[in-house]
Every structure is written in structure tokens, then in C-alpha cells.
Amino acid sequence: MPSQHPRHDLNELLTNGVRLSIAAALQEVEKAEFGLIRDLVEITNPALSKHVATLEAAGYLEVEKGRVGRRPRTWLRLTNSGREALKRHMSALSHIATFATPHA
Amino acid sequence: MSSESPTPSRAADDLARAADVATQLRSRSRWMASYLTLFGVGFAAITVALGLLESTPVRVIVVALWVPFVVGMVIWSSRQRVVALKARRRAMPYWAAASLLYAVVLVIGTPDLLGNLAYWLPAAAVVALPLLIGAWRERRA
């Protein structure tokens, strides 16, 4: 039976370290504020906006805009599709890190 | 699908970084435990106050103090920057139980047991208990 290298299960979008961090950070929460993710990932607002737009276009992320008092707030939420993609990507990384192949 | 494979050490680094940011954000989402604890204590305090204070003006003052407390808590929760996964859904049964017990305690204790410390202190603990259990479980979630 032919074996498939785990790199085939890697998600092209999530091979970017920043996007992987954004998705990974959001995987265990309902939603988080844009500024908090920016500080956590240590990037600028425009850079985060760009990565968020990419993930949103892929259907991995939802952006919710609202207000708290007079202050505008932007919330980021990982979609089910994003969670699945992240799970597969992490599993592939895990196999690569341990030199194992998922389909022996 | 990717045509290039990261090295095992690069993959391990990616996994470690992903786990690190996930842990950091999850730790910021623990505020629901404090929220439930404070409301539990607040519920207990107002139960005792309404049960033991027989003067109507003082009771009115206590209720008047309860309103800004609730408003303050709601504002505080709305300002949190991260919401834990399913935290609101998890908290629902504890809110329902505390509210139901509060109503039951008031119905049983008013007016016959007003001023009776032996009734109102345990009653306050019973009312607070669901929210304190919810807070404890939220810390462990």
C-alpha cells in the first residue's frame, strides 16, 4: 500500500506562521478581540488585517464588528471549517515532527 | 496541500508556538469564573440583607445598591476582550438554579421568617452555591 507523506495534509494557508498563530490562538475560545490577537501575535494592525482577510476569504475566520460604549470593537472567531483545517494541519505537523506518516 | 515539507524541528517549533498562543489566549478567557463568583457572593449578600433587614427604607437602599452592582458587572463583562468557548452556555444552568433557589428562598422566608438568622444565613449559602460551583467548574474548564 503506498504511503503518503504528511506534508500533503498541510494547509497552504496555515504554513504561514502568523496565520497559524492566529488560528491556533482562536481554536479554544469563542471569540477574541482584534487588538488582543494583534498583541498576542506581535504584529501591526495592517498586517493582522491582511492575514484576517486571507483567512476570512478561505472561510476559516469570521469577523464581527460591534461597539462597547462609544468604542468600536472587532471580534475574530474561528469557523468550524477553520477548526477542521487547523486540526488537520496540526496533525500533519505532529506527524512530521515525529518522522511518522499518517497513512502507513 | 503543500509541496514542501518543513523539517521535523521546524514542525515541532510551529506546534510549540501554536500551543503557546492558545494557552495565552485561553488564560485570558477565565474571567467568567470571577464573574460567577462575584455574582454568587452578591446574591448571598442581598439574600441576607433582604431577610434580616426589617426596615423598609433600608431594604430599598439595599436593592438600590444591587442595581449598580449588576449594571457594573454587565459592563465589566462586555469589556472583556476574549470569550471562552461555550462559557455562556455552560453558565446557563447555574444562573437558572441560583435564580430559582433565590425565588424559593424568598417565598418560603417572607414574611414569616424575616429577621431569622438561622434561616437566612443558610438560605444565602444555598442561593450562592450554584454560581460558586459554576465558577469552580469554569476555572477547571
# chains A, B, ... in the order shown; residues from 1 in each chain; ligands from 1

$ interface_residues --of "chain A" --to "chain B" --cutoff "9 Å" --atoms "only C-alpha atoms" --output "ChimeraX atom specification"
/A:5-12,15,17,20-37,40-41,68,75,90,92-99

$ atom_distance --atom1 "CA of Leu106 in chain B" --atom2 "CA of Phe43 in chain B"
12.0 Å

$ select_by_dssp --residues "chain A" --states "helix (DSSP H, G or I)" --output "ChimeraX atom specification"
/A:6-9,12-15,17-26,34-41,45-57,80-97

$ select_by_dssp --residues "chain A" --states "strand (DSSP E)" --output "list in words"
Val29, Glu30, Lys31, Ala32, Glu33, Leu61, Glu62, Val63, Glu64, Lys65, Gly66, Arg67, Val68, Arg71, Pro72, Arg73, Thr74, Trp75, Leu76, Arg77 and Leu78 of chain A
